[in-house]
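Shown next: my_file-v2.csv, containing CSV, C-alpha atoms and all ligand atoms.
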chain,number,residue,atom,x,y,z
A,7,MET,CA,72.6,-28.4,-57.9
A,8,ASN,CA,73.1,-31.0,-55.2
A,9,ASP,CA,70.4,-33.4,-53.9
A,10,LEU,CA,69.7,-31.2,-50.9
A,11,GLU,CA,69.2,-28.1,-53.0
A,12,LYS,CA,67.0,-30.1,-55.4
A,13,LEU,CA,64.9,-31.3,-52.5
A,14,GLU,CA,64.4,-27.8,-51.2
A,15,GLN,CA,63.5,-26.5,-54.6
A,16,ASP,CA,61.0,-29.3,-55.2
A,17,LEU,CA,59.3,-28.7,-51.9
A,18,LEU,CA,59.2,-24.9,-52.4
A,19,GLN,CA,57.6,-25.4,-55.8
A,20,ALA,CA,55.0,-27.7,-54.3
A,21,VAL,CA,54.2,-25.1,-51.7
A,22,ALA,CA,53.8,-22.4,-54.4
A,23,ALA,CA,51.7,-24.7,-56.6
A,24,SER,CA,49.1,-25.6,-53.9
A,25,GLY,CA,45.9,-23.8,-54.7
A,26,SER,CA,43.9,-24.2,-51.5
A,27,VAL,CA,44.5,-24.2,-47.7
A,28,ALA,CA,43.5,-27.9,-47.8
A,29,SER,CA,46.0,-28.9,-50.5
A,30,LEU,CA,48.7,-26.8,-48.8
A,31,GLU,CA,48.1,-28.9,-45.6
A,32,ALA,CA,48.8,-32.1,-47.6
A,33,VAL,CA,52.0,-30.5,-48.9
A,34,ARG,CA,53.0,-29.6,-45.4
A,35,VAL,CA,52.5,-33.2,-44.1
A,36,ASP,CA,54.5,-34.4,-47.1
A,37,ALA,CA,57.4,-32.0,-46.6
A,38,LEU,CA,57.7,-31.8,-42.8
A,39,GLY,CA,55.8,-34.8,-41.4
A,40,LYS,CA,57.4,-37.7,-39.7
A,41,LYS,CA,57.8,-39.7,-42.9
A,42,SER,CA,59.1,-36.7,-44.9
A,43,SER,CA,62.5,-36.7,-46.6
A,44,ILE,CA,63.8,-34.0,-44.2
A,45,SER,CA,62.7,-35.9,-41.1
A,46,LEU,CA,64.4,-39.0,-42.5
A,47,LEU,CA,67.7,-37.0,-43.0
A,48,MET,CA,67.4,-35.6,-39.5
A,49,LYS,CA,67.0,-39.1,-38.1
A,50,ARG,CA,70.0,-40.3,-39.9
A,51,LEU,CA,72.2,-37.5,-38.4
A,52,GLY,CA,72.6,-39.7,-35.3
A,53,GLY,CA,74.6,-42.2,-37.2
A,54,LEU,CA,77.0,-39.7,-38.6
A,55,SER,CA,80.4,-38.5,-37.3
A,56,LEU,CA,80.5,-35.4,-35.1
A,57,GLU,CA,82.1,-33.4,-38.0
A,58,GLU,CA,79.3,-34.3,-40.4
A,59,ARG,CA,76.6,-33.6,-37.8
A,60,LYS,CA,78.1,-30.2,-37.2
A,61,GLU,CA,78.0,-29.4,-40.8
A,62,LYS,CA,74.7,-31.0,-41.9
A,63,GLY,CA,72.5,-30.4,-38.8
A,64,PRO,CA,72.3,-26.6,-39.2
A,65,LEU,CA,71.9,-27.1,-42.9
A,66,TYR,CA,68.9,-29.3,-42.5
A,67,ASN,CA,67.4,-27.0,-39.9
A,68,LYS,CA,67.7,-24.0,-42.2
A,69,ILE,CA,66.0,-25.9,-45.1
A,70,LYS,CA,63.3,-26.9,-42.7
A,71,ARG,CA,62.7,-23.4,-41.4
A,72,ARG,CA,62.7,-21.9,-44.9
A,73,ILE,CA,60.0,-24.4,-46.0
A,74,GLU,CA,58.0,-23.7,-42.8
A,75,GLN,CA,58.1,-20.0,-43.6
A,76,ALA,CA,57.1,-20.6,-47.2
A,77,ILE,CA,54.2,-22.7,-46.0
A,78,GLU,CA,53.1,-20.1,-43.5
A,79,SER,CA,53.2,-17.2,-46.0
A,80,ARG,CA,51.5,-19.3,-48.6
A,81,LYS,CA,48.8,-20.2,-46.1
A,82,VAL,CA,48.1,-16.5,-45.3
A,83,ALA,CA,47.9,-15.7,-49.0
A,84,LEU,CA,45.5,-18.6,-49.6
A,85,GLU,CA,43.3,-17.7,-46.6
A,86,MET,CA,43.1,-14.1,-47.8
A,87,ALA,CA,42.1,-15.3,-51.3
A,88,GLU,CA,39.5,-17.7,-50.0
A,89,LEU,CA,38.0,-15.0,-47.8
A,90,GLY,CA,38.0,-12.6,-50.7
A,91,ALA,CA,36.2,-15.2,-52.9
A,92,LYS,CA,33.6,-15.9,-50.1
A,93,LEU,CA,32.9,-12.2,-49.6
A,94,ALA,CA,32.5,-11.6,-53.3
A,95,ALA,CA,30.1,-14.6,-53.6
A,96,GLU,CA,28.0,-13.6,-50.6
A,97,ARG,CA,28.0,-9.9,-51.3
A,98,VAL,CA,24.9,-8.0,-50.5
A,99,ASP,CA,23.9,-5.4,-53.0
A,100,VAL,CA,23.1,-2.4,-50.9
A,101,THR,CA,22.0,-0.4,-53.9
A,102,LEU,CA,19.0,-2.6,-54.4
A,103,SER,CA,15.8,-0.8,-53.6
A,104,ALA,CA,14.0,-2.0,-50.4
A,105,ARG,CA,11.0,-4.3,-50.7
A,106,PRO,CA,7.9,-2.1,-50.3
A,107,GLU,CA,6.3,-2.3,-46.9
A,108,GLY,CA,2.5,-2.3,-47.0
A,109,GLU,CA,1.3,0.8,-45.1
A,110,GLY,CA,-2.1,0.4,-43.4
A,111,ARG,CA,-4.8,3.0,-43.7
A,112,ILE,CA,-7.5,4.0,-41.3
A,113,HIS,CA,-11.0,3.2,-42.6
A,114,PRO,CA,-13.2,6.3,-43.1
A,115,ILE,CA,-15.7,4.9,-40.6
A,116,SER,CA,-13.0,4.6,-37.9
A,117,GLN,CA,-11.8,8.1,-38.8
A,118,ALA,CA,-15.3,9.6,-38.6
A,119,LEU,CA,-16.0,7.9,-35.3
A,120,ASP,CA,-12.7,9.2,-33.9
A,121,GLU,CA,-13.6,12.7,-35.0
A,122,VAL,CA,-17.1,12.5,-33.5
A,123,LEU,CA,-15.8,11.2,-30.2
A,124,ALA,CA,-13.2,13.9,-30.1
A,125,ILE,CA,-15.8,16.6,-30.5
A,126,PHE,CA,-18.2,15.1,-27.9
A,127,GLY,CA,-15.3,14.3,-25.7
A,128,ALA,CA,-14.5,18.0,-25.6
A,129,MET,CA,-18.1,18.7,-24.5
A,130,SER,CA,-17.4,16.2,-21.6
A,131,PHE,CA,-19.5,13.3,-22.9
A,132,ALA,CA,-18.4,9.9,-21.7
A,133,VAL,CA,-18.4,6.9,-24.0
A,134,ALA,CA,-20.8,4.1,-23.3
A,135,GLU,CA,-21.2,0.7,-25.0
A,136,GLY,CA,-23.8,-2.0,-25.3
A,137,PRO,CA,-24.0,-5.4,-27.0
A,138,ASP,CA,-24.8,-5.9,-30.7
A,139,ILE,CA,-27.2,-8.7,-29.8
A,140,GLU,CA,-30.0,-7.2,-27.8
A,141,ASP,CA,-33.1,-8.4,-26.1
A,142,ASP,CA,-36.6,-7.2,-27.0
A,143,PHE,CA,-36.8,-5.2,-23.8
A,144,HIS,CA,-33.8,-3.0,-24.4
A,145,ASN,CA,-34.2,-2.6,-28.2
A,146,PHE,CA,-38.0,-2.0,-28.2
A,147,THR,CA,-40.1,-2.3,-25.1
A,148,ALA,CA,-38.2,0.1,-22.8
A,149,LEU,CA,-37.9,2.6,-25.7
A,150,ASN,CA,-41.7,2.7,-25.9
A,151,ILE,CA,-41.8,1.0,-29.2
A,152,PRO,CA,-45.3,-0.6,-29.4
A,153,PRO,CA,-45.8,-4.2,-30.6
A,154,GLU,CA,-47.3,-3.0,-33.9
A,155,HIS,CA,-44.4,-0.7,-34.7
A,156,PRO,CA,-42.9,-1.5,-38.2
A,157,ALA,CA,-39.4,-1.7,-36.7
A,158,ARG,CA,-40.5,-4.9,-34.9
A,159,GLN,CA,-41.5,-6.6,-38.1
A,160,MET,CA,-39.6,-9.7,-39.3
A,161,HIS,CA,-38.7,-8.1,-42.6
A,162,ASP,CA,-37.1,-5.1,-41.0
A,163,THR,CA,-35.2,-6.6,-38.1
A,164,PHE,CA,-32.8,-9.5,-37.9
A,165,TYR,CA,-34.2,-11.9,-35.2
A,166,LEU,CA,-32.2,-14.7,-33.7
A,167,PRO,CA,-33.7,-18.2,-33.4
A,168,GLY,CA,-36.1,-18.2,-30.4
A,169,GLU,CA,-35.0,-18.7,-26.8
A,170,ARG,CA,-36.4,-21.6,-24.7
A,171,ASP,CA,-38.7,-19.2,-22.8
A,172,GLY,CA,-40.3,-17.9,-26.0
A,173,SER,CA,-38.4,-14.6,-26.1
A,174,GLN,CA,-36.3,-13.6,-29.1
A,175,LEU,CA,-33.0,-11.8,-29.4
A,176,VAL,CA,-32.4,-9.3,-32.2
A,177,LEU,CA,-29.4,-7.7,-33.8
A,178,ARG,CA,-29.9,-4.2,-32.4
A,179,THR,CA,-31.7,-1.9,-34.9
A,180,HIS,CA,-30.3,1.3,-33.4
A,181,THR,CA,-27.9,2.4,-30.7
A,182,SER,CA,-30.8,3.7,-28.5
A,183,PRO,CA,-30.8,0.5,-26.3
A,184,VAL,CA,-27.5,1.8,-24.9
A,185,GLN,CA,-29.5,4.7,-23.5
A,186,VAL,CA,-31.6,2.2,-21.6
A,187,ARG,CA,-28.6,0.2,-20.4
A,188,THR,CA,-26.9,3.4,-19.2
A,189,MET,CA,-29.9,4.7,-17.3
A,190,GLN,CA,-30.5,1.3,-15.7
A,191,ILE,CA,-27.0,1.2,-14.1
A,192,GLN,CA,-26.2,5.0,-13.6
A,193,LYS,CA,-28.3,7.7,-12.0
A,194,PRO,CA,-28.5,11.2,-13.4
A,195,PRO,CA,-26.8,13.5,-14.2
A,196,LEU,CA,-25.8,11.6,-17.3
A,197,ARG,CA,-24.0,12.7,-20.4
A,198,ILE,CA,-23.0,9.8,-22.7
A,199,ILE,CA,-22.2,9.1,-26.3
A,200,ALA,CA,-22.6,5.5,-27.6
A,201,PRO,CA,-20.9,4.6,-30.9
A,202,GLY,CA,-21.6,1.2,-32.4
A,203,ARG,CA,-22.8,-1.2,-35.1
A,204,THR,CA,-26.5,-1.5,-35.9
A,205,TYR,CA,-28.4,-3.8,-38.2
A,206,ARG,CA,-31.5,-3.6,-40.4
A,207,SER,CA,-32.8,-5.9,-43.1
A,208,ASP,CA,-32.2,-3.4,-45.8
A,209,SER,CA,-29.9,-3.4,-48.8
A,210,ASP,CA,-29.8,-1.0,-51.7
A,211,MET,CA,-27.8,2.1,-52.9
A,212,THR,CA,-28.3,4.0,-49.7
A,213,HIS,CA,-28.7,1.1,-47.1
A,214,THR,CA,-26.5,-1.7,-46.0
A,215,PRO,CA,-27.7,-4.4,-43.5
A,216,MET,CA,-25.0,-3.3,-41.1
A,217,PHE,CA,-24.2,0.3,-40.5
A,218,HIS,CA,-22.9,2.5,-37.6
A,219,GLN,CA,-24.7,5.0,-35.4
A,220,VAL,CA,-23.6,7.3,-32.6
A,221,GLU,CA,-26.2,7.8,-29.9
A,222,GLY,CA,-26.1,10.7,-27.4
A,223,LEU,CA,-28.0,11.0,-24.1
A,224,VAL,CA,-28.1,13.8,-21.6
A,225,VAL,CA,-30.3,13.5,-18.5
A,226,ASP,CA,-30.4,15.9,-15.5
A,227,GLU,CA,-32.9,18.1,-13.8
A,228,HIS,CA,-32.8,21.0,-16.3
A,229,ALA,CA,-31.9,19.7,-19.8
A,230,HIS,CA,-34.2,21.2,-22.3
A,231,MET,CA,-34.8,21.5,-26.1
A,232,GLY,CA,-32.5,24.6,-26.2
A,233,HIS,CA,-29.6,22.5,-24.9
A,234,LEU,CA,-30.3,19.8,-27.5
A,235,LYS,CA,-30.3,22.4,-30.3
A,236,GLY,CA,-27.1,24.0,-29.0
A,237,CYS,CA,-25.3,20.7,-28.6
A,238,VAL,CA,-26.3,19.3,-32.0
A,239,THR,CA,-25.5,22.7,-33.7
A,240,GLU,CA,-22.1,22.9,-32.1
A,241,PHE,CA,-21.3,19.3,-33.1
A,242,CYS,CA,-22.3,19.8,-36.8
A,243,ARG,CA,-20.3,23.0,-37.1
A,244,ALA,CA,-17.2,21.4,-35.5
A,245,TYR,CA,-17.5,18.2,-37.5
A,246,PHE,CA,-18.0,19.8,-40.9
A,247,GLU,CA,-15.6,22.6,-40.0
A,248,ILE,CA,-18.1,25.2,-41.2
A,249,ALA,CA,-18.7,27.9,-38.6
A,250,ASP,CA,-21.9,29.2,-40.1
A,251,LEU,CA,-23.3,25.9,-41.3
A,252,PRO,CA,-27.1,26.3,-41.5
A,253,LEU,CA,-29.2,23.8,-39.5
A,254,ARG,CA,-32.9,23.1,-39.4
A,255,PHE,CA,-34.9,21.3,-36.8
A,256,ARG,CA,-37.9,19.6,-38.3
A,257,PRO,CA,-40.7,18.2,-36.2
A,258,SER,CA,-40.7,14.4,-36.4
A,259,PHE,CA,-41.7,11.3,-34.5
A,260,PHE,CA,-39.9,8.6,-32.5
A,261,PRO,CA,-41.7,6.5,-29.9
A,262,PHE,CA,-38.9,7.2,-27.4
A,263,THR,CA,-38.7,11.0,-27.6
A,264,GLU,CA,-41.3,13.7,-27.2
A,265,PRO,CA,-41.2,16.1,-28.8
A,266,SER,CA,-39.0,14.6,-31.6
A,267,ALA,CA,-37.1,16.3,-34.4
A,268,GLU,CA,-35.1,15.6,-37.4
A,269,VAL,CA,-32.0,17.7,-38.0
A,270,ASP,CA,-31.1,18.9,-41.5
A,271,ILE,CA,-28.0,20.7,-42.5
A,272,GLY,CA,-27.8,23.1,-45.4
A,273,CYS,CA,-26.2,22.1,-48.6
A,274,LEU,CA,-25.9,23.2,-52.2
A,275,ARG,CA,-26.3,20.9,-55.2
A,276,LYS,CA,-24.7,22.2,-58.3
A,277,ASP,CA,-23.8,20.3,-61.5
A,278,GLY,CA,-24.3,17.0,-59.9
A,279,GLU,CA,-22.0,17.9,-57.0
A,280,LEU,CA,-23.1,18.3,-53.4
A,281,LYS,CA,-21.5,21.0,-51.2
A,282,ILE,CA,-22.1,21.0,-47.5
A,283,GLY,CA,-22.9,24.5,-46.1
A,284,GLY,CA,-24.0,27.3,-48.3
A,285,LYS,CA,-27.3,29.1,-47.8
A,286,GLY,CA,-29.7,26.5,-46.6
A,287,ASP,CA,-32.7,28.6,-47.5
A,288,SER,CA,-31.8,29.0,-51.1
A,289,GLY,CA,-30.2,25.6,-51.4
A,290,ASP,CA,-31.1,22.1,-50.2
A,291,TRP,CA,-31.4,20.3,-46.9
A,292,LEU,CA,-29.9,17.0,-45.9
A,293,GLU,CA,-31.2,15.0,-43.0
A,294,ILE,CA,-28.5,13.8,-40.6
A,295,PHE,CA,-29.8,13.5,-37.0
A,296,GLY,CA,-32.8,12.0,-35.2
A,297,CYS,CA,-33.4,13.6,-31.8
A,298,GLY,CA,-35.8,14.7,-29.2
A,299,MET,CA,-36.5,15.0,-25.5
A,300,VAL,CA,-36.4,11.6,-23.7
A,301,HIS,CA,-40.0,10.3,-23.4
A,302,PRO,CA,-41.2,10.1,-19.8
A,303,LYS,CA,-42.1,6.4,-20.3
A,304,VAL,CA,-38.5,5.7,-21.2
A,305,LEU,CA,-37.3,7.3,-18.0
A,306,GLU,CA,-39.9,5.3,-16.1
A,307,ALA,CA,-38.9,2.0,-17.7
A,308,CYS,CA,-35.4,2.8,-16.4
A,309,SER,CA,-36.6,3.7,-12.9
A,310,ILE,CA,-35.8,7.4,-13.3
A,311,ASP,CA,-38.5,9.7,-12.0
A,312,PRO,CA,-39.7,11.8,-15.0
A,313,HIS,CA,-41.1,14.5,-12.6
A,314,THR,CA,-37.5,15.2,-11.3
A,315,TYR,CA,-35.4,14.4,-14.3
A,316,GLN,CA,-35.6,15.2,-18.0
A,317,GLY,CA,-33.2,14.8,-20.9
A,318,PHE,CA,-32.5,14.8,-24.5
A,319,ALA,CA,-31.2,12.2,-26.9
A,320,PHE,CA,-30.0,12.0,-30.5
A,321,GLY,CA,-28.8,9.5,-33.0
A,322,LEU,CA,-26.7,10.0,-36.1
A,323,GLY,CA,-25.6,7.7,-39.0
A,324,VAL,CA,-21.9,7.5,-39.2
A,325,GLU,CA,-21.7,6.4,-42.8
A,326,ARG,CA,-23.8,9.3,-43.8
A,327,ILE,CA,-21.7,12.0,-42.2
A,328,ALA,CA,-18.5,10.2,-43.4
A,329,MET,CA,-19.8,10.2,-47.0
A,330,LEU,CA,-20.7,13.9,-46.8
A,331,LYS,CA,-17.4,15.0,-45.3
A,332,TYR,CA,-15.0,12.9,-47.3
A,333,GLY,CA,-16.9,12.9,-50.6
A,334,ILE,CA,-17.6,9.1,-50.8
A,335,PRO,CA,-20.4,8.6,-53.3
A,336,ASP,CA,-21.6,5.0,-52.7
A,337,LEU,CA,-22.5,3.6,-49.2
A,338,ARG,CA,-21.9,0.0,-50.2
A,339,THR,CA,-18.3,0.5,-51.0
A,340,PHE,CA,-17.6,1.0,-47.2
A,341,PHE,CA,-17.9,-2.7,-46.6
A,342,GLU,CA,-16.6,-4.3,-49.8
A,343,ALA,CA,-13.1,-4.6,-48.3
A,344,ASP,CA,-11.5,-3.3,-51.5
A,345,LEU,CA,-7.9,-2.3,-50.7
A,346,ARG,CA,-7.7,0.1,-53.7
A,347,TRP,CA,-10.8,1.9,-52.2
A,348,LEU,CA,-9.2,2.0,-48.7
A,349,ARG,CA,-5.9,3.3,-50.1
A,350,HIS,CA,-7.9,6.1,-51.8
A,351,TYR,CA,-10.4,7.1,-49.1
A,352,GLY,CA,-8.5,5.8,-46.0
A,353,PHE,CA,-6.5,8.0,-43.7
A,354,ALA,CA,-2.8,7.8,-42.6
A,355,ALA,CA,-2.5,6.5,-39.1
A,356,LEU,CA,-1.1,9.8,-37.8
A,357,ASP,CA,-4.1,11.9,-38.8
A,358,ILE,CA,-5.1,12.9,-35.3
A,359,PRO,CA,-8.7,14.0,-35.2
A,360,SER,CA,-8.9,17.7,-34.7
A,361,LEU,CA,-11.8,19.7,-33.4
A,362,GLY,CA,-11.8,21.6,-36.6
A,363,GLY,CA,-12.5,25.3,-37.2
A,364,GLY,CA,-16.2,25.1,-36.1
A,365,LEU,CA,-15.5,25.2,-32.4
A,366,SER,CA,-12.8,27.8,-32.5
A,367,GLN,CA,-14.2,30.3,-35.0
B,1,LIG,N1,-32.8,5.6,-32.8
B,1,LIG,C1,-33.2,6.5,-33.9
B,1,LIG,C2,-33.0,5.9,-35.2
B,1,LIG,O1,-32.3,4.9,-35.3
B,1,LIG,C3,-32.5,7.8,-33.8
B,1,LIG,C4,-32.8,8.6,-32.5
B,1,LIG,C5,-32.0,8.5,-31.4
B,1,LIG,C6,-33.9,9.4,-32.5
B,1,LIG,C7,-32.3,9.2,-30.3
B,1,LIG,C8,-34.1,10.2,-31.4
B,1,LIG,C9,-33.3,10.0,-30.3
B,1,LIG,O2,-33.4,6.4,-36.2

Here is a file; write its structure as structure tokens.
Ligand code: PHE
Amino acid sequence: MNDLEKLEQDLLQAVAASGSVASLEAVRVDALGKKSSISLLMKRLGGLSLEERKEKGPLYNKIKRRIEQAIESRKVALEMAELGAKLAAERVDVTLSARPEGEGRIHPISQALDEVLAIFGAMSFAVAEGPDIEDDFHNFTALNIPPEHPARQMHDTFYLPGERDGSQLVLRTHTSPVQVRTMQIQKPPLRIIAPGRTYRSDSDMTHTPMFHQVEGLVVDEHAHMGHLKGCVTEFCRAYFEIADLPLRFRPSFFPFTEPSAEVDIGCLRKDGELKIGGKGDSGDWLEIFGCGMVHPKVLEACSIDPHTYQGFAFGLGVERIAMLKYGIPDLRTFFEADLRWLRHYGFAALDIPSLGGGLSQ
């Protein structure tokens, strides 16, 4: 083997031995760079005879090209290997199960409210709202609630610290002030439903200091007790989805309605279980509504002439009807913000409130 062959073999070996693109680049500079042996030989060609140049020039060029080719193909191989190693190291395991996404649930109070509003919406009631913090006039005075009425007492109602003019604001004790607010700004005929939070200083198995009510108000020239009965009956049967749900209207008293009634629905209690419906007469009754004909004094307080207009109103407790329909035993659990409870009693977001069987049967 002559020197030239030895040089080529050494360089090809160095190319083959380089283990990375970076070390191959160092080999390339060494083998083909300006200071490399081949470049030196090429430079010296100028000092040789024509004969020798003709013989050695092509020879050097061939060696140079072979080494260039060897470097090029080694480079491709090394790049492929490096890419392969990178892909293997950064591989995503698509067979891993996905991280569970928390799915929200609709709170039973929201669900019950949606159902109630859907039913009254179908009876063409409009939704009205009022503030949670009320003044004495809207919560009591305009509703004909006298100063000595128990609802006005400190231990029943949450009063806010006194205003400068001596008046006191309250957390509304019922949704009835929305009746007053509506009648003050709209003239009859009126047909509204007012859902919202209400507050009383009460806390035990069956009472929480904050709870929800839905108020209904109809005022026109002809509304009478029969309409009230029909409306409440239709609602109860649609909401509980029991076409022949027994109802009972029991005389009662509210300062803002005259006459007043309490509405009971029929239920059966058996082996500690409560079943809505059944034969009211042979079973039990459950109170769910307060209602009556709007008191003339309330109409007057709202500048509506009681000789021309009359109306009826009703109020229902949302927690109560939600507990009854969805079988939730303890009122206080509604507001404990326990996710396990919500997962159990909550509703999927796509449960669209239906009008139930009561209306269509
Ligand atoms: N506001 C009454 C209550 O909270 C319910 C009611 C509303 C009664 C409308 C009659 C008419 O108990």

For this session: Can you pull out every residue within 12 Å of Glu279 (chain A), counting all atoms listed in the file, but drop anything in the same chain fewer than 3 positions away, and send it as a list in words?
Result: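 After dropping sequence-adjacent residues, the list is Cys273, Leu274, Arg275, Lys276, Ile282, Leu330, Gly333, Ile334 and Pro335 of chain A.
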
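Restricting the calculation to all atoms listed in the file, the smallest distance between ligand LIG 1 (chain B) and any of A:Leu348, A:Val300, A:Ile199, A:Ile44 is found for A:Val300.
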
With all atoms listed in the file counted and 9 Å as the cut-off, give the residues of chain A in contact with ligand LIG 1 (chain B), each with its shortest interatomic distance in Å and the pair that gives it, as a tab-separated table.
residue	atom	partner	partner_atom	distance
A:Thr179	CA	B:LIG1	O1	6.8
A:His180	CA	B:LIG1	O1	4.5
A:Thr181	CA	B:LIG1	N1	6.2
A:Ser182	CA	B:LIG1	N1	5.1
A:Pro183	CA	B:LIG1	N1	8.5
A:Gln185	CA	B:LIG1	C7	8.6
A:Thr204	CA	B:LIG1	O1	8.7
A:Gln219	CA	B:LIG1	O1	7.6
A:Val220	CA	B:LIG1	C5	8.6
A:Glu221	CA	B:LIG1	C5	6.0
A:Gly222	CA	B:LIG1	C7	7.0
A:Leu223	CA	B:LIG1	C7	7.8
A:Phe259	CA	B:LIG1	C6	8.3
A:Phe260	CA	B:LIG1	C6	6.1
A:Pro261	CA	B:LIG1	C8	8.6
A:Phe262	CA	B:LIG1	C9	6.9
A:Thr263	CA	B:LIG1	C8	6.0
A:Ser266	CA	B:LIG1	C8	6.6
A:Ala267	CA	B:LIG1	C8	7.4
A:Glu268	CA	B:LIG1	C6	8.0
A:Phe295	CA	B:LIG1	C3	7.1
A:Gly296	CA	B:LIG1	C6	3.9
A:Cys297	CA	B:LIG1	C8	3.5
A:Gly298	CA	B:LIG1	C8	5.3
A:Met299	CA	B:LIG1	C9	7.6
A:Val300	CA	B:LIG1	C9	7.5
A:Phe318	CA	B:LIG1	C9	7.6
A:Ala319	CA	B:LIG1	C9	4.6
A:Phe320	CA	B:LIG1	C7	3.6
A:Gly321	CA	B:LIG1	C5	3.7
A:Leu322	CA	B:LIG1	C3	6.6
A:Gly323	CA	B:LIG1	O1	8.1

For this session: Please provide as a VMD selection string all residues within 12 Å of Ala83 (chain A), with the sequence filter that same-chain residues fewer than 5 positions apart are discarded (counting all atoms listed in the file).
Result: chain A and resid 21 to 22 24 to 27 30 76 to 78 88 to 90

Exercise. Glu109 (chain A): which residues within 12 Å, counting all atoms listed in the file, same-chain residues fewer than 2 positions away excluded, as a ChimeraX atom specification?
Worked result: /A:106-107,111-112,345,348-349,352-356

Exercise. Of the candidates A:Lys331, A:Arg178, A:Arg59, A:Arg71, which shows the shortest atom-to-atom distance to Lys281 (chain A), using only C-alpha atoms?
Worked result: A:Lys331

For this session: In Å, rounded to a single decimal, give me how far CA of Leu166 (chain A) is from CA of Ile191 (chain A).
Result: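 It comes out at 25.8 Å.
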
Problem set entry | d(CA of Met329 (chain A), CA of Ala200 (chain A)) in Å |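 Going from CA of Met329 (chain A) over to CA of Ala200 (chain A) covers 20.2 Å.
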
Exercise. Mind pulling up the distance from CA of Glu227 (chain A) to CA of His313 (chain A)?
Worked result: 9.0 Å

Problem set entry | Option closest in space to Arg203 (chain A), from A:Glu140, A:Glu74, A:Glu85, A:Asp290 [counting all atoms listed in the file] |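 The answer is A:Glu140, which sits nearest to Arg203 (chain A).
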
For this session: Could you tell me which of A:Trp291, A:Phe217, A:Phe241, A:Phe255 comes closest to Gly127 (chain A) if we count all atoms listed in the file?
Result: A:Phe241

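Using all atoms listed in the file, the nearest neighbour of Asp141 (chain A) within the list A:Met129, A:Val186, A:Ile115, A:Leu253 is A:Val186.
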
For this session: Extract, using only C-alpha atoms, all DNA, RNA and protein residues at most 12 Å from Pro156 (chain A), discarding same-chain residues fewer than 3 positions from it, and format them as a ChimeraX atom specification.
Result: /A:146,151-153,159-163,179,206,260-261

For this session: Write out as a PyMOL selection string each polymer residue whose atoms come within 9 Å of Arg187 (chain A), counting all atoms listed in the file; drop sequence neighbours fewer than 6 positions from it.
Result: chain A and resi 135-136+144+308

Problem set entry | Residue nearest Ala20 (chain A) among A:Ile73, A:Leu196, A:Cys237, A:Leu305 (counting only C-alpha atoms) |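 The answer is A:Ile73, which sits nearest to Ala20 (chain A).
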